[in-house]
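Data first, discussion second: the structure below is written as structure tokens.
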Amino acid sequence: MALSARNQFPGTVRSVRHGAVMSEVVIDIGGGIQIVSLISTSSAKRLCLRKGVPAVAVIKATEVIVSTDDVR
């Protein structure tokens, strides 16, 4: 499937924790970096997400908030 989003990170599912409504999915994209996503449990089950399955984290954001403790 082709997407217009440029921020696509292929990796491997490391864990899936299902809740009643939302599921936490952890994708290891290599280099010691993991991306954690909260998606609906129905979507996680429809995608058959489970440990070891290849997956792509697609990030589409219109805002990025930056914070620092260095206040002057």
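Labels used: A, B, ... for chains in the order of the structure tokens, numbers from 1 for residues in each chain, and numbers from 1 for ligands as shown.
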Based on DSSP run over this structure's backbone, return all residues of chain A in strand (DSSP E), as a PDB file with all heavy atoms, in the first residue's frame.
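New file part-v4.pdb:
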```pdb
ATOM      1  N   ASN A   7       6.958   9.855   6.882  1.00  0.00           N
ATOM      2  CA  ASN A   7       7.560   9.309   8.095  1.00  0.00           C
ATOM      3  C   ASN A   7       7.078   7.881   8.322  1.00  0.00           C
ATOM      4  O   ASN A   7       6.166   7.624   9.093  1.00  0.00           O
ATOM      5  CB  ASN A   7       7.235  10.189   9.299  1.00  0.00           C
ATOM      6  CG  ASN A   7       7.802  11.581   9.141  1.00  0.00           C
ATOM      7  OD1 ASN A   7       8.931  11.736   8.715  1.00  0.00           O
ATOM      8  ND2 ASN A   7       7.007  12.584   9.460  1.00  0.00           N
ATOM      9  N   GLN A   8       7.708   6.943   7.616  1.00  0.00           N
ATOM     10  CA  GLN A   8       7.364   5.535   7.720  1.00  0.00           C
ATOM     11  C   GLN A   8       8.572   4.780   8.267  1.00  0.00           C
ATOM     12  O   GLN A   8       9.668   4.896   7.724  1.00  0.00           O
ATOM     13  CB  GLN A   8       6.967   4.978   6.352  1.00  0.00           C
ATOM     14  CG  GLN A   8       5.747   5.674   5.776  1.00  0.00           C
ATOM     15  CD  GLN A   8       5.338   5.113   4.437  1.00  0.00           C
ATOM     16  OE1 GLN A   8       5.424   3.910   4.205  1.00  0.00           O
ATOM     17  NE2 GLN A   8       4.883   5.977   3.542  1.00  0.00           N
ATOM     18  N   PHE A   9       8.360   4.028   9.348  1.00  0.00           N
ATOM     19  CA  PHE A   9       9.443   3.344  10.033  1.00  0.00           C
ATOM     20  C   PHE A   9       9.152   1.850  10.109  1.00  0.00           C
ATOM     21  O   PHE A   9       8.379   1.404  10.962  1.00  0.00           O
ATOM     22  CB  PHE A   9       9.630   3.918  11.444  1.00  0.00           C
ATOM     23  CG  PHE A   9       9.936   5.393  11.444  1.00  0.00           C
ATOM     24  CD1 PHE A   9       8.919   6.328  11.575  1.00  0.00           C
ATOM     25  CD2 PHE A   9      11.235   5.846  11.291  1.00  0.00           C
ATOM     26  CE1 PHE A   9       9.189   7.686  11.553  1.00  0.00           C
ATOM     27  CE2 PHE A   9      11.523   7.202  11.269  1.00  0.00           C
ATOM     28  CZ  PHE A   9      10.498   8.125  11.399  1.00  0.00           C
ATOM     29  N   PRO A  10       9.744   1.052   9.226  1.00  0.00           N
ATOM     30  CA  PRO A  10       9.530  -0.393   9.282  1.00  0.00           C
ATOM     31  C   PRO A  10      10.219  -0.988  10.503  1.00  0.00           C
ATOM     32  O   PRO A  10      11.290  -0.519  10.915  1.00  0.00           O
ATOM     33  CB  PRO A  10      10.150  -0.903   7.986  1.00  0.00           C
ATOM     34  CG  PRO A  10      11.108   0.155   7.564  1.00  0.00           C
ATOM     35  CD  PRO A  10      10.614   1.451   8.130  1.00  0.00           C
ATOM     36  N   GLY A  11       9.607  -1.986  11.070  1.00  0.00           N
ATOM     37  CA  GLY A  11      10.174  -2.634  12.242  1.00  0.00           C
ATOM     38  C   GLY A  11       9.468  -3.934  12.554  1.00  0.00           C
ATOM     39  O   GLY A  11       8.800  -4.520  11.698  1.00  0.00           O
ATOM     40  N   THR A  12       9.609  -4.343  13.798  1.00  0.00           N
ATOM     41  CA  THR A  12       9.023  -5.593  14.270  1.00  0.00           C
ATOM     42  C   THR A  12       8.245  -5.336  15.546  1.00  0.00           C
ATOM     43  O   THR A  12       8.737  -4.635  16.438  1.00  0.00           O
ATOM     44  CB  THR A  12      10.142  -6.621  14.565  1.00  0.00           C
ATOM     45  OG1 THR A  12      10.926  -6.796  13.370  1.00  0.00           O
ATOM     46  CG2 THR A  12       9.570  -7.963  14.986  1.00  0.00           C
ATOM     47  N   VAL A  13       7.047  -5.910  15.630  1.00  0.00           N
ATOM     48  CA  VAL A  13       6.241  -5.759  16.841  1.00  0.00           C
ATOM     49  C   VAL A  13       6.944  -6.476  17.986  1.00  0.00           C
ATOM     50  O   VAL A  13       7.299  -7.652  17.881  1.00  0.00           O
ATOM     51  CB  VAL A  13       4.817  -6.329  16.640  1.00  0.00           C
ATOM     52  CG1 VAL A  13       4.028  -6.273  17.945  1.00  0.00           C
ATOM     53  CG2 VAL A  13       4.085  -5.570  15.538  1.00  0.00           C
ATOM     54  N   ARG A  14       7.196  -5.750  19.066  1.00  0.00           N
ATOM     55  CA  ARG A  14       7.830  -6.319  20.257  1.00  0.00           C
ATOM     56  C   ARG A  14       6.803  -6.729  21.302  1.00  0.00           C
ATOM     57  O   ARG A  14       7.013  -7.674  22.046  1.00  0.00           O
ATOM     58  CB  ARG A  14       8.823  -5.336  20.869  1.00  0.00           C
ATOM     59  CG  ARG A  14      10.074  -5.222  20.088  1.00  0.00           C
ATOM     60  CD  ARG A  14      10.847  -6.548  20.113  1.00  0.00           C
ATOM     61  NE  ARG A  14      11.842  -6.570  19.060  1.00  0.00           N
ATOM     62  CZ  ARG A  14      12.029  -7.585  18.222  1.00  0.00           C
ATOM     63  NH1 ARG A  14      11.283  -8.658  18.310  1.00  0.00           N
ATOM     64  NH2 ARG A  14      12.945  -7.536  17.300  1.00  0.00           N
ATOM     65  N   SER A  15       5.703  -5.992  21.371  1.00  0.00           N
ATOM     66  CA  SER A  15       4.657  -6.375  22.329  1.00  0.00           C
ATOM     67  C   SER A  15       3.342  -5.713  21.950  1.00  0.00           C
ATOM     68  O   SER A  15       3.319  -4.678  21.286  1.00  0.00           O
ATOM     69  CB  SER A  15       5.044  -5.980  23.759  1.00  0.00           C
ATOM     70  OG  SER A  15       5.112  -4.573  23.892  1.00  0.00           O
ATOM     71  N   VAL A  16       2.263  -6.366  22.372  1.00  0.00           N
ATOM     72  CA  VAL A  16       0.913  -5.827  22.221  1.00  0.00           C
ATOM     73  C   VAL A  16       0.184  -6.092  23.529  1.00  0.00           C
ATOM     74  O   VAL A  16       0.136  -7.233  23.998  1.00  0.00           O
ATOM     75  CB  VAL A  16       0.140  -6.493  21.057  1.00  0.00           C
ATOM     76  CG1 VAL A  16      -1.253  -5.911  20.934  1.00  0.00           C
ATOM     77  CG2 VAL A  16       0.898  -6.352  19.750  1.00  0.00           C
ATOM     78  N   ARG A  17      -0.339  -5.029  24.136  1.00  0.00           N
ATOM     79  CA  ARG A  17      -1.124  -5.165  25.370  1.00  0.00           C
ATOM     80  C   ARG A  17      -2.532  -4.672  25.072  1.00  0.00           C
ATOM     81  O   ARG A  17      -2.744  -3.489  24.846  1.00  0.00           O
ATOM     82  CB  ARG A  17      -0.502  -4.364  26.499  1.00  0.00           C
ATOM     83  CG  ARG A  17       0.789  -4.969  27.007  1.00  0.00           C
ATOM     84  CD  ARG A  17       1.395  -4.238  28.193  1.00  0.00           C
ATOM     85  NE  ARG A  17       0.471  -3.428  28.950  1.00  0.00           N
ATOM     86  CZ  ARG A  17       0.805  -2.326  29.607  1.00  0.00           C
ATOM     87  NH1 ARG A  17       2.046  -1.890  29.565  1.00  0.00           N
ATOM     88  NH2 ARG A  17      -0.079  -1.647  30.296  1.00  0.00           N
ATOM     89  N   HIS A  18      -3.479  -5.629  25.053  1.00  0.00           N
ATOM     90  CA  HIS A  18      -4.863  -5.296  24.740  1.00  0.00           C
ATOM     91  C   HIS A  18      -5.613  -4.824  25.982  1.00  0.00           C
ATOM     92  O   HIS A  18      -5.517  -5.445  27.032  1.00  0.00           O
ATOM     93  CB  HIS A  18      -5.603  -6.509  24.168  1.00  0.00           C
ATOM     94  CG  HIS A  18      -5.093  -6.947  22.835  1.00  0.00           C
ATOM     95  ND1 HIS A  18      -5.190  -6.170  21.707  1.00  0.00           N
ATOM     96  CD2 HIS A  18      -4.485  -8.095  22.445  1.00  0.00           C
ATOM     97  CE1 HIS A  18      -4.666  -6.829  20.679  1.00  0.00           C
ATOM     98  NE2 HIS A  18      -4.222  -7.990  21.108  1.00  0.00           N
ATOM     99  N   MET A  22      -8.582   0.233  24.041  1.00  0.00           N
ATOM    100  CA  MET A  22      -7.326   0.592  23.389  1.00  0.00           C
ATOM    101  C   MET A  22      -6.271  -0.491  23.614  1.00  0.00           C
ATOM    102  O   MET A  22      -6.293  -1.179  24.633  1.00  0.00           O
ATOM    103  CB  MET A  22      -6.802   1.927  23.926  1.00  0.00           C
ATOM    104  CG  MET A  22      -7.745   3.104  23.736  1.00  0.00           C
ATOM    105  SD  MET A  22      -8.083   3.482  22.013  1.00  0.00           S
ATOM    106  CE  MET A  22      -6.521   4.204  21.523  1.00  0.00           C
ATOM    107  N   SER A  23      -5.341  -0.593  22.661  1.00  0.00           N
ATOM    108  CA  SER A  23      -4.213  -1.515  22.776  1.00  0.00           C
ATOM    109  C   SER A  23      -2.917  -0.734  22.627  1.00  0.00           C
ATOM    110  O   SER A  23      -2.836   0.198  21.814  1.00  0.00           O
ATOM    111  CB  SER A  23      -4.273  -2.593  21.691  1.00  0.00           C
ATOM    112  OG  SER A  23      -5.351  -3.460  21.895  1.00  0.00           O
ATOM    113  N   GLU A  24      -1.908  -1.109  23.412  1.00  0.00           N
ATOM    114  CA  GLU A  24      -0.584  -0.514  23.304  1.00  0.00           C
ATOM    115  C   GLU A  24       0.281  -1.423  22.445  1.00  0.00           C
ATOM    116  O   GLU A  24       0.431  -2.606  22.745  1.00  0.00           O
ATOM    117  CB  GLU A  24       0.053  -0.374  24.687  1.00  0.00           C
ATOM    118  CG  GLU A  24       1.456   0.227  24.626  1.00  0.00           C
ATOM    119  CD  GLU A  24       2.150   0.182  25.961  1.00  0.00           C
ATOM    120  OE1 GLU A  24       2.663  -0.906  26.309  1.00  0.00           O
ATOM    121  OE2 GLU A  24       2.169   1.217  26.653  1.00  0.00           O
ATOM    122  N   VAL A  25       0.824  -0.864  21.367  1.00  0.00           N
ATOM    123  CA  VAL A  25       1.659  -1.622  20.438  1.00  0.00           C
ATOM    124  C   VAL A  25       3.057  -1.020  20.466  1.00  0.00           C
ATOM    125  O   VAL A  25       3.217   0.192  20.297  1.00  0.00           O
ATOM    126  CB  VAL A  25       1.093  -1.556  18.996  1.00  0.00           C
ATOM    127  CG1 VAL A  25       1.962  -2.358  18.043  1.00  0.00           C
ATOM    128  CG2 VAL A  25      -0.348  -2.041  18.965  1.00  0.00           C
ATOM    129  N   VAL A  26       4.070  -1.858  20.684  1.00  0.00           N
ATOM    130  CA  VAL A  26       5.459  -1.415  20.689  1.00  0.00           C
ATOM    131  C   VAL A  26       6.138  -2.000  19.457  1.00  0.00           C
ATOM    132  O   VAL A  26       6.132  -3.218  19.262  1.00  0.00           O
ATOM    133  CB  VAL A  26       6.200  -1.862  21.974  1.00  0.00           C
ATOM    134  CG1 VAL A  26       7.656  -1.408  21.942  1.00  0.00           C
ATOM    135  CG2 VAL A  26       5.494  -1.335  23.213  1.00  0.00           C
ATOM    136  N   ILE A  27       6.717  -1.112  18.614  1.00  0.00           N
ATOM    137  CA  ILE A  27       7.406  -1.534  17.404  1.00  0.00           C
ATOM    138  C   ILE A  27       8.876  -1.161  17.535  1.00  0.00           C
ATOM    139  O   ILE A  27       9.212   0.002  17.774  1.00  0.00           O
ATOM    140  CB  ILE A  27       6.803  -0.871  16.150  1.00  0.00           C
ATOM    141  CG1 ILE A  27       5.331  -1.269  16.008  1.00  0.00           C
ATOM    142  CG2 ILE A  27       7.592  -1.252  14.899  1.00  0.00           C
ATOM    143  CD1 ILE A  27       4.608  -0.567  14.878  1.00  0.00           C
ATOM    144  N   ASP A  28       9.742  -2.161  17.392  1.00  0.00           N
ATOM    145  CA  ASP A  28      11.192  -1.952  17.429  1.00  0.00           C
ATOM    146  C   ASP A  28      11.643  -1.605  16.014  1.00  0.00           C
ATOM    147  O   ASP A  28      11.481  -2.415  15.091  1.00  0.00           O
ATOM    148  CB  ASP A  28      11.869  -3.230  17.909  1.00  0.00           C
ATOM    149  CG  ASP A  28      13.368  -3.080  18.077  1.00  0.00           C
ATOM    150  OD1 ASP A  28      13.958  -2.176  17.459  1.00  0.00           O
ATOM    151  OD2 ASP A  28      13.948  -3.877  18.827  1.00  0.00           O
ATOM    152  N   ILE A  29      12.193  -0.397  15.817  1.00  0.00           N
ATOM    153  CA  ILE A  29      12.614   0.014  14.481  1.00  0.00           C
ATOM    154  C   ILE A  29      14.140  -0.055  14.314  1.00  0.00           C
ATOM    155  O   ILE A  29      14.688   0.454  13.345  1.00  0.00           O
ATOM    156  CB  ILE A  29      12.082   1.421  14.123  1.00  0.00           C
ATOM    157  CG1 ILE A  29      12.629   2.499  15.048  1.00  0.00           C
ATOM    158  CG2 ILE A  29      10.556   1.425  14.099  1.00  0.00           C
ATOM    159  CD1 ILE A  29      12.364   3.917  14.567  1.00  0.00           C
ATOM    160  N   GLY A  30      14.805  -0.682  15.270  1.00  0.00           N
ATOM    161  CA  GLY A  30      16.251  -0.857  15.176  1.00  0.00           C
ATOM    162  C   GLY A  30      17.012   0.258  15.864  1.00  0.00           C
ATOM    163  O   GLY A  30      16.451   1.291  16.226  1.00  0.00           O
ATOM    164  N   ILE A  33      15.775   1.809  19.175  1.00  0.00           N
ATOM    165  CA  ILE A  33      14.624   2.712  19.197  1.00  0.00           C
ATOM    166  C   ILE A  33      13.325   1.927  19.076  1.00  0.00           C
ATOM    167  O   ILE A  33      13.194   1.056  18.208  1.00  0.00           O
ATOM    168  CB  ILE A  33      14.709   3.747  18.055  1.00  0.00           C
ATOM    169  CG1 ILE A  33      15.984   4.578  18.203  1.00  0.00           C
ATOM    170  CG2 ILE A  33      13.467   4.629  18.020  1.00  0.00           C
ATOM    171  CD1 ILE A  33      16.278   5.461  17.016  1.00  0.00           C
ATOM    172  N   GLN A  34      12.390   2.242  19.956  1.00  0.00           N
ATOM    173  CA  GLN A  34      11.064   1.641  19.913  1.00  0.00           C
ATOM    174  C   GLN A  34      10.021   2.746  19.813  1.00  0.00           C
ATOM    175  O   GLN A  34      10.155   3.790  20.447  1.00  0.00           O
ATOM    176  CB  GLN A  34      10.796   0.800  21.165  1.00  0.00           C
ATOM    177  CG  GLN A  34      11.708  -0.403  21.280  1.00  0.00           C
ATOM    178  CD  GLN A  34      11.402  -1.251  22.495  1.00  0.00           C
ATOM    179  OE1 GLN A  34      10.837  -0.785  23.469  1.00  0.00           O
ATOM    180  NE2 GLN A  34      11.773  -2.516  22.421  1.00  0.00           N
ATOM    181  N   ILE A  35       9.016   2.498  19.007  1.00  0.00           N
ATOM    182  CA  ILE A  35       7.894   3.429  18.878  1.00  0.00           C
ATOM    183  C   ILE A  35       6.695   2.784  19.544  1.00  0.00           C
ATOM    184  O   ILE A  35       6.377   1.618  19.283  1.00  0.00           O
ATOM    185  CB  ILE A  35       7.597   3.746  17.400  1.00  0.00           C
ATOM    186  CG1 ILE A  35       8.782   4.497  16.785  1.00  0.00           C
ATOM    187  CG2 ILE A  35       6.306   4.555  17.269  1.00  0.00           C
ATOM    188  CD1 ILE A  35       8.646   4.791  15.316  1.00  0.00           C
ATOM    189  N   VAL A  36       6.047   3.533  20.425  1.00  0.00           N
ATOM    190  CA  VAL A  36       4.880   3.038  21.147  1.00  0.00           C
ATOM    191  C   VAL A  36       3.648   3.756  20.609  1.00  0.00           C
ATOM    192  O   VAL A  36       3.641   4.987  20.498  1.00  0.00           O
ATOM    193  CB  VAL A  36       5.016   3.288  22.669  1.00  0.00           C
ATOM    194  CG1 VAL A  36       3.794   2.755  23.401  1.00  0.00           C
ATOM    195  CG2 VAL A  36       6.291   2.648  23.203  1.00  0.00           C
ATOM    196  N   SER A  37       2.629   2.987  20.280  1.00  0.00           N
ATOM    197  CA  SER A  37       1.404   3.556  19.734  1.00  0.00           C
ATOM    198  C   SER A  37       0.196   3.000  20.472  1.00  0.00           C
ATOM    199  O   SER A  37       0.182   1.825  20.842  1.00  0.00           O
ATOM    200  CB  SER A  37       1.290   3.209  18.245  1.00  0.00           C
ATOM    201  OG  SER A  37       0.092   3.717  17.709  1.00  0.00           O
ATOM    202  N   LEU A  38      -0.787   3.856  20.687  1.00  0.00           N
ATOM    203  CA  LEU A  38      -2.066   3.415  21.224  1.00  0.00           C
ATOM    204  C   LEU A  38      -3.067   3.412  20.076  1.00  0.00           C
ATOM    205  O   LEU A  38      -3.295   4.460  19.453  1.00  0.00           O
ATOM    206  CB  LEU A  38      -2.547   4.345  22.333  1.00  0.00           C
ATOM    207  CG  LEU A  38      -1.733   4.314  23.617  1.00  0.00           C
ATOM    208  CD1 LEU A  38      -2.250   5.371  24.587  1.00  0.00           C
ATOM    209  CD2 LEU A  38      -1.802   2.937  24.247  1.00  0.00           C
ATOM    210  N   ILE A  39      -3.618   2.252  19.781  1.00  0.00           N
ATOM    211  CA  ILE A  39      -4.619   2.124  18.729  1.00  0.00           C
ATOM    212  C   ILE A  39      -5.814   1.374  19.302  1.00  0.00           C
ATOM    213  O   ILE A  39      -5.726   0.762  20.367  1.00  0.00           O
ATOM    214  CB  ILE A  39      -4.068   1.395  17.485  1.00  0.00           C
ATOM    215  CG1 ILE A  39      -3.706  -0.062  17.795  1.00  0.00           C
ATOM    216  CG2 ILE A  39      -2.869   2.137  16.919  1.00  0.00           C
ATOM    217  CD1 ILE A  39      -3.320  -0.863  16.566  1.00  0.00           C
ATOM    218  N   SER A  40      -6.923   1.420  18.601  1.00  0.00           N
ATOM    219  CA  SER A  40      -8.100   0.719  19.104  1.00  0.00           C
ATOM    220  C   SER A  40      -7.824  -0.788  19.130  1.00  0.00           C
ATOM    221  O   SER A  40      -7.090  -1.318  18.285  1.00  0.00           O
ATOM    222  CB  SER A  40      -9.332   1.018  18.241  1.00  0.00           C
ATOM    223  OG  SER A  40      -9.195   0.431  16.964  1.00  0.00           O
ATOM    224  N   PRO A  54       6.228  -8.340  11.373  1.00  0.00           N
ATOM    225  CA  PRO A  54       6.714  -7.093  10.774  1.00  0.00           C
ATOM    226  C   PRO A  54       5.585  -6.069  10.714  1.00  0.00           C
ATOM    227  O   PRO A  54       4.436  -6.426  10.434  1.00  0.00           O
ATOM    228  CB  PRO A  54       7.143  -7.498   9.364  1.00  0.00           C
ATOM    229  CG  PRO A  54       7.169  -8.984   9.342  1.00  0.00           C
ATOM    230  CD  PRO A  54       6.278  -9.458  10.433  1.00  0.00           C
ATOM    231  N   ALA A  55       5.913  -4.812  10.966  1.00  0.00           N
ATOM    232  CA  ALA A  55       4.917  -3.743  10.920  1.00  0.00           C
ATOM    233  C   ALA A  55       5.628  -2.439  10.572  1.00  0.00           C
ATOM    234  O   ALA A  55       6.844  -2.327  10.699  1.00  0.00           O
ATOM    235  CB  ALA A  55       4.202  -3.617  12.262  1.00  0.00           C
ATOM    236  N   VAL A  56       4.854  -1.473  10.124  1.00  0.00           N
ATOM    237  CA  VAL A  56       5.391  -0.158   9.792  1.00  0.00           C
ATOM    238  C   VAL A  56       4.685   0.883  10.646  1.00  0.00           C
ATOM    239  O   VAL A  56       3.451   0.941  10.662  1.00  0.00           O
ATOM    240  CB  VAL A  56       5.197   0.181   8.296  1.00  0.00           C
ATOM    241  CG1 VAL A  56       5.738   1.564   7.983  1.00  0.00           C
ATOM    242  CG2 VAL A  56       5.850  -0.871   7.416  1.00  0.00           C
ATOM    243  N   ALA A  57       5.454   1.686  11.377  1.00  0.00           N
ATOM    244  CA  ALA A  57       4.895   2.809  12.124  1.00  0.00           C
ATOM    245  C   ALA A  57       4.862   3.995  11.173  1.00  0.00           C
ATOM    246  O   ALA A  57       5.890   4.393  10.626  1.00  0.00           O
ATOM    247  CB  ALA A  57       5.743   3.122  13.348  1.00  0.00           C
ATOM    248  N   VAL A  58       3.673   4.541  10.948  1.00  0.00           N
ATOM    249  CA  VAL A  58       3.503   5.700  10.073  1.00  0.00           C
ATOM    250  C   VAL A  58       3.124   6.880  10.951  1.00  0.00           C
ATOM    251  O   VAL A  58       2.133   6.815  11.677  1.00  0.00           O
ATOM    252  CB  VAL A  58       2.411   5.453   9.013  1.00  0.00           C
ATOM    253  CG1 VAL A  58       2.243   6.683   8.130  1.00  0.00           C
ATOM    254  CG2 VAL A  58       2.742   4.222   8.177  1.00  0.00           C
ATOM    255  N   ILE A  59       3.917   7.937  10.909  1.00  0.00           N
ATOM    256  CA  ILE A  59       3.673   9.097  11.758  1.00  0.00           C
ATOM    257  C   ILE A  59       3.263  10.272  10.880  1.00  0.00           C
ATOM    258  O   ILE A  59       4.002  10.686   9.990  1.00  0.00           O
ATOM    259  CB  ILE A  59       4.916   9.444  12.591  1.00  0.00           C
ATOM    260  CG1 ILE A  59       5.281   8.255  13.476  1.00  0.00           C
ATOM    261  CG2 ILE A  59       4.695  10.708  13.394  1.00  0.00           C
ATOM    262  CD1 ILE A  59       6.579   8.388  14.215  1.00  0.00           C
TER     263      ILE A  59
END
```
| field | Test item, helix (DSSP H, G or I) assignment across chain A, answer as a list in words | value | Thr41, Ser42, Ser43, Ala44, Lys45 and Arg46 of chain A
